[in-house]
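Q: Could you have a look at this structure, given as structure tokens, before my questions?
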Amino acid sequence: MAEPLFSVRGLKVALPDMTRKPLIGRAPLAEILKGLDFDLPKGSVTGIVGESGSGKSTLGRALVRLLEPSAGSIGFEGRDISRLSEAELRPLRRDLQMIFQDPMSSLNPRHTIFNIIAAPLRQNGLGDRLKERVAEALQRVGLPQSFASRYRHELSGGQRQRVGIARALALSPKFVLADEIVSGLDVSTQAQILTLLEKLAAEMGLTVAFISHDLSVIRRLCQQVIVMREGRIVEASATDALFDNPKETYTRDLLAAIPLPEIDPDWLQPRAPA
Amino acid sequence: MSACLDIRRLSAVLPNGQRVLRSVSLAVQAGEVRALVGESGAGKTMIGKAVLGVLPKSVRVVEGEMLIEGEDLGRLDAKARRNLIGARTALIPQDPLTALNPSRRIGAQMTDRLVRILGWSGERADKRIRQLLDEVQIRDPERVLKSYPHELSGGMRQRVLIAAAFAAEPRLIVADEPTTALDVTVQKQILRLIAQLQRDHGTAILFVTHDLGVVAKISQKVSVLYAGKMVEEAETAALFAAPQHPYTRALIAATPRYTDPYASLKPVDESVLAGLAAEIAAADKEWRPGHG
């Protein structure tokens, strides 16, 4: 296996629990991630799957240091970034990019697509040859050059998500966090976006953490899978091994709960015969 | 015997003249689960709303008939129509949190419809609701009835709404993406419950969903929609065994399957969409409202 880009040890994250916040004063902390150990090998796509409340999004946000862990270490290219200050993180930001779930709310409605893609380039001192770089970013995701002058509301859901990908990849990052990036899309569009991400990840040698609740999508795209539940890792292994021979009951339950598009009269029976 | 729901050549337009439903006909037999499947903009939710008489004001029905158990809704005055729809149909919505009033207890909200619309006594309604909560396997009805919606999990809220939908023994339930917001393991429990209650009560269900996986598991018949037009209608088993329309085939091929990662998730071919656009343009050209 390739050497890890990320090497995470004993990662804990605690966040304020707003449901238990007193009227006056601070909300008590709730531990969301309860000690995680894993590696993300360089140039591979890792699926992170779990149900709501499993901590999968929190894990993603800790990796790109939008959150500060309460304990443990996050090794990125051999350096622990878990305690770095915002100023110390700045030079790393261009290597740690994100694609969001909902491109409608992650694209500024008042900026043209050109400016949306150009913003991170400008911020990272790549303001020269902007036109060329944006054109290249659009071409990479299969959008026509004329889209540069459009606004987000003029685009379909799939096109918007392509812009999100173009923006994340414009800086040629080392790592991309993709958090439920196809869950708001129709199946036909979903297939296009996944095929695109699959192709770009391979071409650019990207390391990707692909967060999803959909194991079917993960099997296609990812080389390894981390299954999460209630802030812990239930099972982590190579994709084929996980699907062909899931070790944990919870993983098997998750797989059995997926309604596949094929007829199976037993599926809804209270206890499916073995 | 007349169908439980009979929709004939239903067309609806937006104020700008754009058609959102294109001469849709479909008949749902008593006790049948009929899936309406399609992508966004297909008109599947619109059909559900038309059946329940809650189309948005901006949508105008310009042709077609709708019959519930043989009674033509178009021939009834507004009040009689509301009463008929209220007595014979019910809704299981997508998002139970917006469907429930956040400031009232679950119990009061569940008996409301029975008492205020159907004129049941409070005692009878209360008894009925407890019976249904038992059927949806809620083991602590006291706590649930006293709870406010935010105190229950998503799965519990959906159970409550399923119980409420079946409470007045409607003949037809419109289930509008009832499991889309749920985790897969909860989705399976909820689908199982809907199927169980549907069988026990003999209720017909119009099941709106975008997920062909859910269609395969829950329905006996299925209508595939695209841009407000019925593209294909078939027995569910037949649809998956031998899909007839290129769009149906493309949709099935695009749906992810972990058992077959490379045969699934196929992007829909441009030629399929072009073919659909041509089909729709041809139908629109022929179409004259009121002369169908």
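The way I read the labels, and the way they are meant: chains A, B, ... in the order of the structure tokens, residue 1 as the first residue of every chain, and ligand 1 as the first ligand shown, with later ones counted on from there.
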Write out as an NGL selection string all residues of segment 90-265 of chain A that backbone DSSP assigns to alpha helix (DSSP H).

A: :A and (90-93 or 103-106 or 113-123 or 130-140 or 157-169 or 187-204 or 215-221 or 239-244 or 249-257)

Q: Just the strand (DSSP E) stuff from segment 18-237 of chain B, please, per backbone DSSP, written as a compact mmCIF listing (two decimals) with N, CA and C atoms, in the first residue's frame.

A:
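Everything below was put into out_6.txt:
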# COMPACT_ATOMS: atom_id res chain seq x y z
N ARG B 19 -46.54 23.33 -19.50
CA ARG B 19 -47.29 22.18 -18.98
C ARG B 19 -46.45 21.44 -17.93
N VAL B 20 -47.04 21.21 -16.78
CA VAL B 20 -46.33 20.45 -15.75
C VAL B 20 -46.86 19.01 -15.67
N LEU B 21 -48.10 18.81 -16.14
CA LEU B 21 -48.62 17.45 -16.31
C LEU B 21 -49.13 17.34 -17.74
N ARG B 22 -48.79 16.26 -18.41
CA ARG B 22 -49.09 16.13 -19.83
C ARG B 22 -50.00 14.93 -20.07
N SER B 23 -51.31 15.18 -19.97
CA SER B 23 -52.32 14.14 -20.26
C SER B 23 -51.99 12.82 -19.56
N VAL B 24 -51.85 12.90 -18.24
CA VAL B 24 -51.51 11.70 -17.47
C VAL B 24 -52.78 10.90 -17.18
N SER B 25 -52.75 9.61 -17.52
CA SER B 25 -53.84 8.71 -17.14
C SER B 25 -53.27 7.60 -16.29
N LEU B 26 -53.94 7.32 -15.18
CA LEU B 26 -53.53 6.13 -14.43
C LEU B 26 -54.65 5.69 -13.52
N ALA B 27 -54.76 4.37 -13.37
CA ALA B 27 -55.80 3.81 -12.51
C ALA B 27 -55.15 2.95 -11.44
N VAL B 28 -55.51 3.21 -10.19
CA VAL B 28 -54.98 2.42 -9.08
C VAL B 28 -56.14 1.60 -8.53
N VAL B 33 -50.43 -1.18 -4.39
CA VAL B 33 -49.40 -0.16 -4.18
C VAL B 33 -48.84 0.22 -5.54
N ARG B 34 -49.08 1.46 -5.91
CA ARG B 34 -48.62 1.96 -7.21
C ARG B 34 -47.49 2.95 -6.97
N ALA B 35 -46.34 2.68 -7.55
CA ALA B 35 -45.23 3.62 -7.43
C ALA B 35 -45.28 4.63 -8.56
N LEU B 36 -45.04 5.89 -8.22
CA LEU B 36 -44.83 6.94 -9.23
C LEU B 36 -43.36 7.29 -9.12
N VAL B 37 -42.58 7.01 -10.15
CA VAL B 37 -41.15 7.23 -10.03
C VAL B 37 -40.69 8.18 -11.14
N ARG B 60 -52.65 25.30 -12.68
CA ARG B 60 -54.05 25.24 -13.09
C ARG B 60 -54.29 23.96 -13.88
N VAL B 61 -55.30 23.20 -13.45
CA VAL B 61 -55.67 21.99 -14.19
C VAL B 61 -56.47 22.43 -15.40
N VAL B 62 -56.03 22.05 -16.60
CA VAL B 62 -56.71 22.53 -17.80
C VAL B 62 -57.50 21.44 -18.52
N GLU B 63 -57.24 20.18 -18.18
CA GLU B 63 -58.09 19.13 -18.73
C GLU B 63 -57.98 17.90 -17.85
N GLY B 64 -58.91 17.01 -18.05
CA GLY B 64 -58.81 15.73 -17.38
C GLY B 64 -59.84 15.52 -16.29
N GLU B 65 -59.98 14.27 -15.87
CA GLU B 65 -60.92 13.92 -14.82
C GLU B 65 -60.20 13.11 -13.75
N MET B 66 -60.75 13.18 -12.55
CA MET B 66 -60.20 12.40 -11.47
C MET B 66 -61.35 11.78 -10.69
N LEU B 67 -61.33 10.45 -10.59
CA LEU B 67 -62.41 9.75 -9.90
C LEU B 67 -61.84 8.98 -8.71
N ILE B 68 -62.50 9.13 -7.57
CA ILE B 68 -62.14 8.32 -6.41
C ILE B 68 -63.29 7.36 -6.15
N GLU B 71 -66.39 8.14 -8.05
CA GLU B 71 -67.02 9.46 -7.93
C GLU B 71 -66.14 10.51 -8.58
N ASP B 72 -66.72 11.21 -9.53
CA ASP B 72 -65.98 12.19 -10.31
C ASP B 72 -65.83 13.48 -9.49
N THR B 89 -59.10 9.61 1.56
CA THR B 89 -57.66 9.62 1.29
C THR B 89 -56.89 10.14 2.51
N ALA B 90 -55.59 9.91 2.49
CA ALA B 90 -54.72 10.45 3.53
C ALA B 90 -53.32 10.59 2.94
N LEU B 91 -52.47 11.32 3.67
CA LEU B 91 -51.12 11.58 3.17
C LEU B 91 -50.08 11.10 4.17
N ILE B 92 -49.03 10.45 3.67
CA ILE B 92 -47.82 10.27 4.47
C ILE B 92 -46.77 11.16 3.82
N LEU B 172 -57.34 5.26 0.06
CA LEU B 172 -56.14 5.56 -0.72
C LEU B 172 -55.22 6.45 0.10
N ILE B 173 -53.93 6.07 0.14
CA ILE B 173 -52.95 6.92 0.82
C ILE B 173 -51.94 7.40 -0.21
N VAL B 174 -51.68 8.70 -0.20
CA VAL B 174 -50.59 9.23 -1.01
C VAL B 174 -49.36 9.29 -0.10
N ALA B 175 -48.33 8.52 -0.45
CA ALA B 175 -47.09 8.54 0.33
C ALA B 175 -46.05 9.26 -0.52
N ASP B 176 -45.69 10.48 -0.10
CA ASP B 176 -44.81 11.32 -0.92
C ASP B 176 -43.37 11.24 -0.40
N ALA B 204 -55.14 1.17 -0.75
CA ALA B 204 -54.32 1.44 -1.95
C ALA B 204 -53.33 2.55 -1.62
N ILE B 205 -52.13 2.46 -2.19
CA ILE B 205 -51.14 3.52 -1.93
C ILE B 205 -50.57 4.03 -3.24
N LEU B 206 -50.55 5.34 -3.36
CA LEU B 206 -49.84 5.99 -4.45
C LEU B 206 -48.50 6.40 -3.86
N PHE B 207 -47.44 5.68 -4.24
CA PHE B 207 -46.16 5.82 -3.56
C PHE B 207 -45.20 6.62 -4.44
N VAL B 208 -45.01 7.89 -4.09
CA VAL B 208 -44.15 8.77 -4.87
C VAL B 208 -42.70 8.61 -4.42
N THR B 209 -41.80 8.31 -5.34
CA THR B 209 -40.40 8.16 -4.96
C THR B 209 -39.49 8.41 -6.16
N LYS B 221 -47.34 -2.21 -8.98
CA LYS B 221 -47.31 -1.60 -10.32
C LYS B 221 -46.54 -0.30 -10.23
N VAL B 222 -46.05 0.17 -11.38
CA VAL B 222 -45.23 1.37 -11.36
C VAL B 222 -45.48 2.21 -12.61
N SER B 223 -45.50 3.52 -12.40
CA SER B 223 -45.59 4.46 -13.52
C SER B 223 -44.32 5.28 -13.53
N VAL B 224 -43.63 5.31 -14.66
CA VAL B 224 -42.42 6.10 -14.79
C VAL B 224 -42.77 7.42 -15.45
N LEU B 225 -42.36 8.51 -14.83
CA LEU B 225 -42.71 9.83 -15.35
C LEU B 225 -41.47 10.61 -15.74
N TYR B 226 -41.63 11.46 -16.74
CA TYR B 226 -40.56 12.38 -17.11
C TYR B 226 -41.22 13.66 -17.59
N LYS B 229 -44.91 13.68 -18.08
CA LYS B 229 -45.50 12.74 -19.02
C LYS B 229 -45.25 11.31 -18.53
N MET B 230 -46.29 10.49 -18.67
CA MET B 230 -46.12 9.08 -18.31
C MET B 230 -45.34 8.40 -19.42
N VAL B 231 -44.16 7.90 -19.07
CA VAL B 231 -43.27 7.31 -20.06
C VAL B 231 -43.53 5.82 -20.19
N GLU B 232 -43.78 5.17 -19.05
CA GLU B 232 -44.01 3.74 -19.08
C GLU B 232 -44.82 3.35 -17.85
N GLU B 233 -45.67 2.34 -18.04
CA GLU B 233 -46.49 1.85 -16.93
C GLU B 233 -46.46 0.33 -17.01
N ALA B 234 -46.19 -0.33 -15.90
CA ALA B 234 -46.07 -1.79 -15.95
C ALA B 234 -46.22 -2.39 -14.57
N GLU B 235 -46.42 -3.71 -14.54
CA GLU B 235 -46.26 -4.45 -13.29
C GLU B 235 -44.81 -4.27 -12.88

Q: Rank nothing, just name the residue among B:Ala254, B:Ala278, B:Ala78, B:Ile7 nearest to chain A, using only C-alpha atoms.

A: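 Smallest separation from chain A among the options: B:Ala254.
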
Q: Can you pull out every residue within 9 Å of segment 242-244 of chain A, counting only C-alpha atoms, but drop anything in the same chain fewer than 5 positions away, and send it as number ranges by chain?

A: A: 219, 224-225, 235-237, 251-252, 255; B: 258-259

Q: Produce a file of the selected residues containing C-alpha atoms, as a short mmCIF file (atom, residue, chain, number, x, y, z; two decimals), in the first residue's frame.

A:
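Result went into part-v6.cif, see below:
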data_model
loop_
_atom_site.label_atom_id
_atom_site.label_comp_id
_atom_site.auth_asym_id
_atom_site.auth_seq_id
_atom_site.Cartn_x
_atom_site.Cartn_y
_atom_site.Cartn_z
CA ARG A 219 -18.32 0.46 -3.72
CA GLN A 224 -11.12 1.40 0.91
CA VAL A 225 -14.01 2.03 3.26
CA GLU A 235 -14.93 -1.58 10.46
CA ALA A 236 -12.28 -0.38 8.03
CA SER A 237 -10.91 -2.36 5.14
CA THR A 251 -21.93 -3.51 8.36
CA ARG A 252 -24.02 -6.50 7.33
CA LEU A 255 -25.83 -3.68 3.44
CA TYR B 258 -23.27 -2.38 -4.62
CA THR B 259 -23.67 -5.92 -5.88
#

Q: Find the residues near segment 137-153 of chain B: any atom within 10 Å, counting only C-alpha atoms, skip ones fewer than 3 places away on the same chain, and give them as a VMD selection string.

A: chain B and resid 96 to 110 126 129 to 134 156 to 160 163 193

Q: Keeping only C-alpha atoms, write the selected residues as a tab-separated table (two decimals), in the first residue's frame.

A:
chain	number	residue	atom	x	y	z
B	96	PRO	CA	-42.55	14.58	9.32
B	97	LEU	CA	-41.02	17.55	11.11
B	98	THR	CA	-42.64	20.12	8.82
B	99	ALA	CA	-45.88	18.13	8.69
B	100	LEU	CA	-46.28	18.24	12.46
B	101	ASN	CA	-47.07	21.35	14.46
B	102	PRO	CA	-44.01	21.98	16.65
B	103	SER	CA	-45.99	23.57	19.48
B	104	ARG	CA	-48.64	20.89	20.03
B	105	ARG	CA	-48.37	17.45	21.57
B	106	ILE	CA	-48.45	14.42	19.25
B	107	GLY	CA	-51.65	13.03	20.79
B	108	ALA	CA	-53.72	16.15	20.11
B	109	GLN	CA	-52.45	16.35	16.55
B	110	MET	CA	-53.28	12.74	15.84
B	126	ASP	CA	-58.15	8.30	21.36
B	129	ILE	CA	-54.98	6.24	17.79
B	130	ARG	CA	-53.63	3.92	20.51
B	131	GLN	CA	-54.59	0.92	18.42
B	132	LEU	CA	-52.70	2.33	15.43
B	133	LEU	CA	-49.65	3.26	17.52
B	134	ASP	CA	-49.55	-0.39	18.53
B	156	MET	CA	-40.56	7.69	15.40
B	157	ARG	CA	-42.10	10.80	13.84
B	158	GLN	CA	-42.63	8.92	10.59
B	159	ARG	CA	-44.28	6.05	12.52
B	160	VAL	CA	-46.65	8.54	14.12
B	163	ALA	CA	-50.44	5.66	12.22
B	193	LEU	CA	-44.43	-1.09	8.39

Q: Should the cut-off be 10 Å, what would the residue list for chain B against chain A look like, counting only C-alpha atoms, as a PyMOL selection string?

A: chain B and resi 38-40+182-196+210-219+236-241+250-269

Q: For the selection just defined, write its residues with C-alpha atoms to a file, as a compact mmCIF listing (two decimals), in the first residue's frame.

A:
# COMPACT_ATOMS: atom_id res chain seq x y z
CA GLY B 38 -39.17 9.94 -11.78
CA GLU B 39 -36.46 12.53 -11.34
CA SER B 40 -36.99 16.09 -10.17
CA LEU B 182 -34.36 8.59 6.73
CA ASP B 183 -31.23 6.49 7.25
CA VAL B 184 -31.25 3.19 5.34
CA THR B 185 -31.81 0.95 8.35
CA VAL B 186 -34.72 3.11 9.50
CA GLN B 187 -36.01 3.30 5.93
CA LYS B 188 -36.23 -0.48 5.82
CA GLN B 189 -38.25 -0.59 9.06
CA ILE B 190 -40.60 2.11 7.81
CA LEU B 191 -41.12 0.46 4.40
CA ARG B 192 -41.84 -2.80 6.19
CA LEU B 193 -44.43 -1.09 8.39
CA ILE B 194 -46.14 0.63 5.46
CA ALA B 195 -46.32 -2.70 3.59
CA GLN B 196 -47.68 -4.47 6.68
CA HIS B 210 -37.26 8.88 -6.95
CA ASP B 211 -35.63 5.62 -5.85
CA LEU B 212 -36.04 2.61 -8.12
CA GLY B 213 -34.74 0.43 -5.30
CA VAL B 214 -37.73 1.43 -3.16
CA VAL B 215 -40.04 0.91 -6.14
CA ALA B 216 -38.78 -2.66 -6.56
CA LYS B 217 -39.44 -3.51 -2.94
CA ILE B 218 -42.75 -1.81 -2.16
CA SER B 219 -44.93 -1.65 -5.28
CA THR B 236 -43.20 -3.80 -11.13
CA ALA B 237 -41.75 -7.26 -11.73
CA ALA B 238 -42.19 -6.84 -15.50
CA LEU B 239 -40.62 -3.38 -15.45
CA PHE B 240 -37.40 -4.67 -13.92
CA ALA B 241 -37.39 -7.87 -15.99
CA ALA B 250 -31.38 4.27 -18.59
CA LEU B 251 -32.80 5.02 -15.13
CA ILE B 252 -32.34 1.43 -13.99
CA ALA B 253 -28.77 1.41 -15.33
CA ALA B 254 -28.01 4.70 -13.53
CA THR B 255 -29.22 3.46 -10.14
CA PRO B 256 -26.24 2.36 -8.04
CA ARG B 257 -26.02 -1.29 -6.96
CA TYR B 258 -23.27 -2.38 -4.62
CA THR B 259 -23.67 -5.92 -5.88
CA ASP B 260 -22.72 -4.85 -9.38
CA PRO B 261 -20.71 -1.61 -9.22
CA TYR B 262 -19.61 -1.49 -12.84
CA ALA B 263 -22.88 -2.48 -14.47
CA SER B 264 -24.70 0.22 -12.47
CA LEU B 265 -24.18 3.99 -12.17
CA LYS B 266 -24.23 4.41 -15.94
CA PRO B 267 -24.74 8.05 -16.92
CA VAL B 268 -27.95 8.54 -18.92
CA ASP B 269 -27.08 8.79 -22.61

Q: If we count only C-alpha atoms, what is near Val176 of chain A at a cut-off of 8 Å, once residues fewer than 2 positions away on the same chain are taken out, given as a PyMOL selection string?

A: chain A and resi 96-99+168+173-174+178+206-209
